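entry06.pdb (PDB, C-alpha atoms) appears below.
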MODEL        1
ATOM      1  CA  MET A   1       0.000   0.000   0.000
ATOM      2  CA  LYS A   2       1.376   3.417  -0.933
ATOM      3  CA  THR A   3       2.267   5.887   1.807
ATOM      4  CA  GLY A   4      -0.239   8.506   0.574
ATOM      5  CA  VAL A   5      -3.128   6.022   0.681
ATOM      6  CA  ARG A   6      -2.073   4.812   4.139
ATOM      7  CA  THR A   7      -1.885   8.412   5.393
ATOM      8  CA  SER A   8      -5.369   9.150   4.001
ATOM      9  CA  ILE A   9      -6.824   6.074   5.714
ATOM     10  CA  VAL A  10      -5.209   6.986   9.048
ATOM     11  CA  ALA A  11      -6.461  10.587   8.751
ATOM     12  CA  ALA A  12     -10.008   9.400   7.978
ATOM     13  CA  LEU A  13      -9.962   7.057  10.994
ATOM     14  CA  LEU A  14      -8.711   9.842  13.277
ATOM     15  CA  ILE A  15     -11.433  12.225  12.057
ATOM     16  CA  ALA A  16     -14.125   9.541  12.525
ATOM     17  CA  GLY A  17     -12.836   8.785  16.037
ATOM     18  CA  ALA A  18     -12.864  12.459  16.976
ATOM     19  CA  ALA A  19     -16.447  12.803  15.722
ATOM     20  CA  VAL A  20     -17.550   9.816  17.822
ATOM     21  CA  LEU A  21     -15.886  11.292  20.929
ATOM     22  CA  LEU A  22     -17.574  14.668  20.392
ATOM     23  CA  LEU A  23     -20.995  13.077  19.878
ATOM     24  CA  THR A  24     -20.553  10.951  23.007
ATOM     25  CA  ASP A  25     -19.303  13.727  25.324
ATOM     26  CA  LEU A  26     -15.628  12.812  25.147
ATOM     27  CA  GLY A  27     -16.050   9.152  25.904
ATOM     28  CA  THR A  28     -18.563   9.301  28.776
ATOM     29  CA  GLY A  29     -21.226   7.592  26.666
ATOM     30  CA  ALA A  30     -23.558  10.598  26.792
ATOM     31  CA  ALA A  31     -24.812  11.542  23.330
ATOM     32  CA  ARG A  32     -25.314  15.099  22.105
ATOM     33  CA  PRO A  33     -27.416  16.432  19.241
ATOM     34  CA  ASP A  34     -25.627  16.319  15.895
ATOM     35  CA  ARG A  35     -24.564  19.469  14.022
ATOM     36  CA  HIS A  36     -28.148  19.867  12.766
ATOM     37  CA  GLY A  37     -29.528  19.815  16.329
ATOM     38  CA  VAL A  38     -30.959  16.287  16.017
ATOM     39  CA  LEU A  39     -30.596  13.619  18.703
ATOM     40  CA  GLU A  40     -31.874  10.152  17.840
ATOM     41  CA  ILE A  41     -33.108   7.769  20.553
ATOM     42  CA  VAL A  42     -33.670   4.159  19.484
ATOM     43  CA  MET A  43     -36.047   1.944  21.465
ATOM     44  CA  GLU A  44     -35.411  -1.785  21.147
ATOM     45  CA  GLY A  45     -37.160  -4.051  23.660
ATOM     46  CA  ASN A  46     -36.746  -2.369  27.054
ATOM     47  CA  GLU A  47     -33.452  -0.739  26.019
ATOM     48  CA  TYR A  48     -33.126   2.919  25.008
ATOM     49  CA  SER A  49     -30.019   4.050  23.148
ATOM     50  CA  PRO A  50     -28.465   6.329  24.012
ATOM     51  CA  SER A  51     -29.477   6.092  27.637
ATOM     52  CA  ARG A  52     -27.472   9.222  28.559
ATOM     53  CA  MET A  53     -27.924  12.501  26.703
ATOM     54  CA  ILE A  54     -26.520  16.001  27.003
ATOM     55  CA  ILE A  55     -28.739  18.698  25.509
ATOM     56  CA  PRO A  56     -27.890  22.389  25.288
ATOM     57  CA  ALA A  57     -30.207  24.824  27.063
ATOM     58  CA  GLY A  58     -31.592  27.682  25.010
ATOM     59  CA  GLU A  59     -30.994  26.035  21.619
ATOM     60  CA  PRO A  60     -33.666  24.482  19.400
ATOM     61  CA  ILE A  61     -33.271  20.712  19.063
ATOM     62  CA  THR A  62     -35.111  17.810  17.505
ATOM     63  CA  LEU A  63     -35.497  14.581  19.431
ATOM     64  CA  ARG A  64     -36.055  11.746  16.958
ATOM     65  CA  PHE A  65     -37.484   8.613  18.573
ATOM     66  CA  VAL A  66     -37.217   5.340  16.646
ATOM     67  CA  ASN A  67     -39.441   2.648  18.151
ATOM     68  CA  ASN A  68     -38.407  -0.782  16.846
ATOM     69  CA  ASN A  69     -40.946  -2.551  19.072
ATOM     70  CA  ASP A  70     -44.304  -4.118  18.252
ATOM     71  CA  ALA A  71     -45.948  -1.936  20.934
ATOM     72  CA  ALA A  72     -46.014   1.801  21.602
ATOM     73  CA  ARG A  73     -43.589   3.203  24.177
ATOM     74  CA  ASN A  74     -44.460   6.009  26.598
ATOM     75  CA  LEU A  75     -41.770   8.321  27.953
ATOM     76  CA  ALA A  76     -41.696  11.127  30.500
ATOM     77  CA  ALA A  77     -38.783  13.182  31.847
ATOM     78  CA  GLY A  78     -38.466  14.742  35.271
ATOM     79  CA  ARG A  79     -37.149  14.649  38.807
ATOM     80  CA  VAL A  80     -38.318  12.964  41.998
ATOM     81  CA  PRO A  81     -40.512  10.014  41.009
ATOM     82  CA  ILE A  82     -43.948   9.754  42.646
ATOM     83  CA  GLU A  83     -44.990   6.242  43.630
ATOM     84  CA  GLU A  84     -48.410   4.647  44.019
ATOM     85  CA  ASP A  85     -48.677   1.098  45.309
ATOM     86  CA  GLY A  86     -44.878   0.764  45.174
ATOM     87  CA  ARG A  87     -44.654   1.683  41.484
ATOM     88  CA  PRO A  88     -43.413   4.976  39.962
ATOM     89  CA  VAL A  89     -46.298   6.720  38.185
ATOM     90  CA  ALA A  90     -45.111  10.307  37.562
ATOM     91  CA  PHE A  91     -42.543  12.954  38.518
ATOM     92  CA  GLU A  92     -42.943  15.762  41.038
ATOM     93  CA  GLU A  93     -41.036  18.003  38.611
ATOM     94  CA  ASP A  94     -41.808  17.539  34.886
ATOM     95  CA  LEU A  95     -39.012  18.501  32.440
ATOM     96  CA  PHE A  96     -41.488  19.086  29.596
ATOM     97  CA  ALA A  97     -44.091  21.070  31.620
ATOM     98  CA  GLY A  98     -44.893  24.424  30.062
ATOM     99  CA  ILE A  99     -42.570  23.914  27.092
ATOM    100  CA  SER A 100     -43.965  24.527  23.651
ATOM    101  CA  ALA A 101     -43.142  21.683  21.267
ATOM    102  CA  ARG A 102     -43.955  20.566  17.757
ATOM    103  CA  ALA A 103     -44.454  16.797  17.606
ATOM    104  CA  GLU A 104     -44.990  14.495  14.622
ATOM    105  CA  PRO A 105     -47.085  12.428  14.195
ATOM    106  CA  ALA A 106     -50.112  13.922  15.948
ATOM    107  CA  GLY A 107     -50.724  12.360  19.357
ATOM    108  CA  VAL A 108     -47.047  11.974  20.318
ATOM    109  CA  TRP A 109     -47.146  14.834  22.897
ATOM    110  CA  ILE A 110     -49.745  14.006  25.591
ATOM    111  CA  GLY A 111     -50.753  15.800  28.794
ATOM    112  CA  PRO A 112     -50.474  16.829  31.366
ATOM    113  CA  SER A 113     -54.008  15.934  32.366
ATOM    114  CA  GLU A 114     -55.869  14.432  35.298
ATOM    115  CA  ARG A 115     -55.268  10.952  33.886
ATOM    116  CA  VAL A 116     -51.651  11.613  32.802
ATOM    117  CA  PRO A 117     -50.053  13.957  35.390
ATOM    118  CA  VAL A 118     -46.848  14.676  33.413
ATOM    119  CA  VAL A 119     -46.217  15.358  29.740
ATOM    120  CA  THR A 120     -45.812  11.940  28.174
ATOM    121  CA  LEU A 121     -44.403  11.133  24.763
ATOM    122  CA  ASN A 122     -46.310   8.282  23.126
ATOM    123  CA  ILE A 123     -44.162   6.734  20.395
ATOM    124  CA  PRO A 124     -46.253   4.410  18.191
ATOM    125  CA  ALA A 125     -45.080   0.857  17.474
ATOM    126  CA  ARG A 126     -42.647   0.368  14.591
ATOM    127  CA  SER A 127     -42.424   4.080  13.865
ATOM    128  CA  THR A 128     -40.325   7.212  14.079
ATOM    129  CA  ALA A 129     -41.578  10.303  15.885
ATOM    130  CA  THR A 130     -39.988  13.728  16.251
ATOM    131  CA  VAL A 131     -40.309  16.411  18.889
ATOM    132  CA  GLU A 132     -38.910  19.881  18.182
ATOM    133  CA  LEU A 133     -38.375  22.051  21.260
ATOM    134  CA  THR A 134     -36.021  24.316  23.188
ATOM    135  CA  PHE A 135     -35.202  23.704  26.843
ATOM    136  CA  PRO A 136     -34.974  27.014  28.751
ATOM    137  CA  GLU A 137     -31.872  27.855  30.806
ATOM    138  CA  GLU A 138     -33.802  27.374  34.072
ATOM    139  CA  ARG A 139     -34.188  23.658  33.238
ATOM    140  CA  ALA A 140     -30.415  23.109  33.424
ATOM    141  CA  GLY A 141     -29.421  20.054  35.427
ATOM    142  CA  GLU A 142     -29.968  16.306  35.597
ATOM    143  CA  TRP A 143     -33.309  14.718  34.638
ATOM    144  CA  GLU A 144     -34.531  11.134  34.438
ATOM    145  CA  LEU A 145     -36.130   9.691  31.332
ATOM    146  CA  ALA A 146     -38.765   7.146  32.342
ATOM    147  CA  CYS A 147     -41.606   4.963  31.168
ATOM    148  CA  PHE A 148     -44.567   4.958  33.547
ATOM    149  CA  ARG A 149     -47.381   3.267  31.692
ATOM    150  CA  GLY A 150     -47.937   0.740  28.926
ATOM    151  CA  ARG A 151     -46.092  -2.377  27.834
ATOM    152  CA  GLY A 152     -42.330  -2.143  27.902
ATOM    153  CA  CYS A 153     -42.194  -0.193  31.163
ATOM    154  CA  GLU A 154     -40.135  -1.652  33.968
ATOM    155  CA  PRO A 155     -42.604  -2.227  36.828
ATOM    156  CA  ARG A 156     -40.092  -1.598  39.609
ATOM    157  CA  THR A 157     -37.836   1.257  38.550
ATOM    158  CA  ALA A 158     -39.309   3.066  35.500
ATOM    159  CA  ALA A 159     -36.008   4.861  34.681
ATOM    160  CA  VAL A 160     -34.675   4.212  31.190
ATOM    161  CA  GLY A 161     -32.159   7.050  30.844
ATOM    162  CA  ARG A 162     -30.764  10.396  31.940
ATOM    163  CA  ILE A 163     -30.875  13.787  30.292
ATOM    164  CA  THR A 164     -28.475  16.561  31.247
ATOM    165  CA  ILE A 165     -29.496  20.062  30.200
ATOM    166  CA  ARG A 166     -26.484  22.447  30.059
TER     167      ARG A 166
ENDMDL
END

Hey, can you dump this file as structure tokens for me?
Amino acid sequence: MKTGVRTSIVAALLIAGAAVLLLTDLGTGAARPDRHGVLEIVMEGNEYSPSRMIIPAGEPITLRFVNNNDAARNLAAGRVPIEEDGRPVAFEEDLFAGISARAEPAGVWIGPSERVPVVTLNIPARSTATVELTFPEERAGEWELACFRGRGCEPRTAAVGRITIR
């Protein structure tokens, strides 16, 4: 193999590795939105990938949810889980409360209501859904991503991921 070709391959690998580190918060495993402001979350079985995300406050982003399951998945984000009968059912503090969002398809953004006390994202089976929003500066900090109702929710601990707003 010629030296120029070898150098090009090494340079391409270094650039790809640097991009992966930047998208995963320098190796911590926390994903960030790409250069277009899109962060994709893939749901496969009871696993959510990435399970750790870092999202900038004050910047518009698009969360793209890909549900590879045969059943819808329901997600909420917040702090301090509320339990009923030993099972988490909502958060005392809802990350999405009062935030204006554009969600596709219709019906993805639900609540809050008497029946659903926190904003819940309902991602239909075998589909992709998007939510466009901006997290305000006052929402900076650590938040849990959880599934409280429907099939695919862990009955004991609900948490499926963490979101850091910076």

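Of the listed residues (A:Glu93, A:Glu104, A:Gly37, A:Asn46), A:Glu104 comes nearest to A:Ser127; the distances count only C-alpha atoms.
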
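Coordinates place atom CA of A:Gly107 at a distance of 15.2 Å from atom CA of A:Arg126.
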
Quiz item: So how far away is atom CA of A:Asn67 from atom CA of A:Ala97, in Å?
Solution: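 One can read the atom CA of A:Ala97 to atom CA of A:Asn67 distance as 23.3 Å.
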
Practice problem: Can you work out the spacing between atom CA of A:Val108 and atom CA of A:Ala129 in Å, to one decimal? | Solution: 7.2 Å

Exercise. Could you give me, as a ChimeraX atom specification, the residues within 10 Å of A:Pro33, counting all atoms listed in the file and dropping anything in the same chain fewer than 4 positions from it?
Key: /A:23-24,37-40,53-56,61-63

Practice problem: May I ask which of the residues A:Ile110, A:Ile163, A:Ala72, A:Ile82 is the closest one to A:Gly141, counting all atoms listed in the file? | Solution: A:Ile163

Quiz item: Which is closer to A:Ala90 than all the others in A:Ile165, A:Met43, A:Leu133, A:Val119, using all atoms listed in the file?
Solution: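 Once distances to A:Ala90 are computed over all atoms listed in the file, the minimum belongs to A:Val119.
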
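Candidate residues A:Thr134, A:Ala31, A:Ser51, A:Val66 were compared for distance to A:Ala101, and the nearest is A:Thr134, using only C-alpha atoms.
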